[in-house]
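Asks: Just passing along the structure, written as structure tokens.
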Amino acid sequence: VLAITLYSGCPIYWMGITGFRSGADLYAPWLLPGPFGLSSYHDLFTLTNFPRYLENSIIVSVGTTALTVVVATPMAYALIRGQVRGARTMVKAMLFAYMFPALLLVIPIDIFLVRLGLDNRLDSLIIASQSFTLPLAGWLLWSYFKTFPFAIEEAARGEGGTRGQTLYRIILPISLPGVVNFACW
């Protein structure tokens, strides 16, 4: 276990000490950090627009995650509990779409976004990222909702709740740990 931990931790250690090396010692093969310096970080914040890049990355990642969870949760629930024709085929298609190489879709998605006038915008990047995350999210949440006992929903429906009320008042509070686990994954 110690050997695996050391092997797995080497890239993280190397990244950490590289940040404190000077430009001349950047590719030095020794494992010790050498002379301590913050010139790399000074260059990062003065020569680039790093805070803006970090802000954009956070906006896109949080937006993509939130939109994926908001869209995939009712979609997966509808595929499990709704009377959707071809639900199994749709689930298989979602899994197949996730296995499809994302690089092959970059050019068609870019052409599509340019034609809509949505190029060079963060919301278009969120939409494009959603097209890659939604199939896996739908498939994972579908398999998660499959494990729910149908009796809970029947009881809520017997009390006069609609399918939407059952989802938002009963199923989502119970399934929140699974949905949050997926969102953090």
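Ordering of the structure tokens sets the chain letters (A, B, ...), residue numbers begin anew at 1 in every chain, and ligands are numbered from 1 in the order given.
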Please extract the residues of stretch 56-150 of chain A with a backbone DSSP assignment of alpha helix (DSSP H) and present them as a PyMOL selection string.

Replies: chain A and resi 56-81+87-99+106-115+122-145+150

Asks: Applying 12 Å and only C-alpha atoms, which residues near stretch 83-96 of chain A remain after dropping the ones on its own chain fewer than 2 positions away? List them as a PyMOL selection string.

Replies: chain A and resi 72+75-81+98-102+131-143+163

Asks: Using only C-alpha atoms, which residues sit within 9 Å of stretch 177-183 of chain A once same-chain residues fewer than 3 positions away are excluded, as a list in words?

Replies: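 After dropping sequence-adjacent residues, the list is Thr65, Ala66, Thr68, Val69, Thr73, Ala137, Leu140, Leu141, Tyr144, Leu172, Pro173 and Ile174 of chain A.
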
Asks: Using only C-alpha atoms, pick whichever of A:Leu103, A:Leu54, A:Thr166, A:Ile59 has the shortest atom-to-atom distance to A:Phe150.

Replies: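 Among the listed residues, the smallest separation from A:Phe150 belongs to A:Thr166.
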
Asks: Leaving out A:Gly19 and any residue of its chain fewer than 4 positions from it, which residues lie within 12 Å of it when counting only C-alpha atoms, given as a list in words?

Replies: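 Surrounding residues, per the criterion: Ile12, Tyr13, Trp14, Met15, Gly23, Asp25, Leu26, Tyr27, Pro33, Gly34, Pro35, Phe36, Gly37, Leu38, Ser39, Ser40, Tyr41, His42, Asp43 and Leu44 of chain A.
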
Asks: Here is a test: counting only C-alpha atoms, which residue of A:Lys146, A:Ile107, A:Leu113, A:Ala155 is nearest to A:Leu125?

Replies: A:Leu113

Asks: Could you tell me which of A:Ala97, A:Pro108, A:Val60, A:Thr162 comes closest to A:Arg121 if we count only C-alpha atoms?

Replies: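 Among the listed residues, A:Val60 lies closest to A:Arg121.
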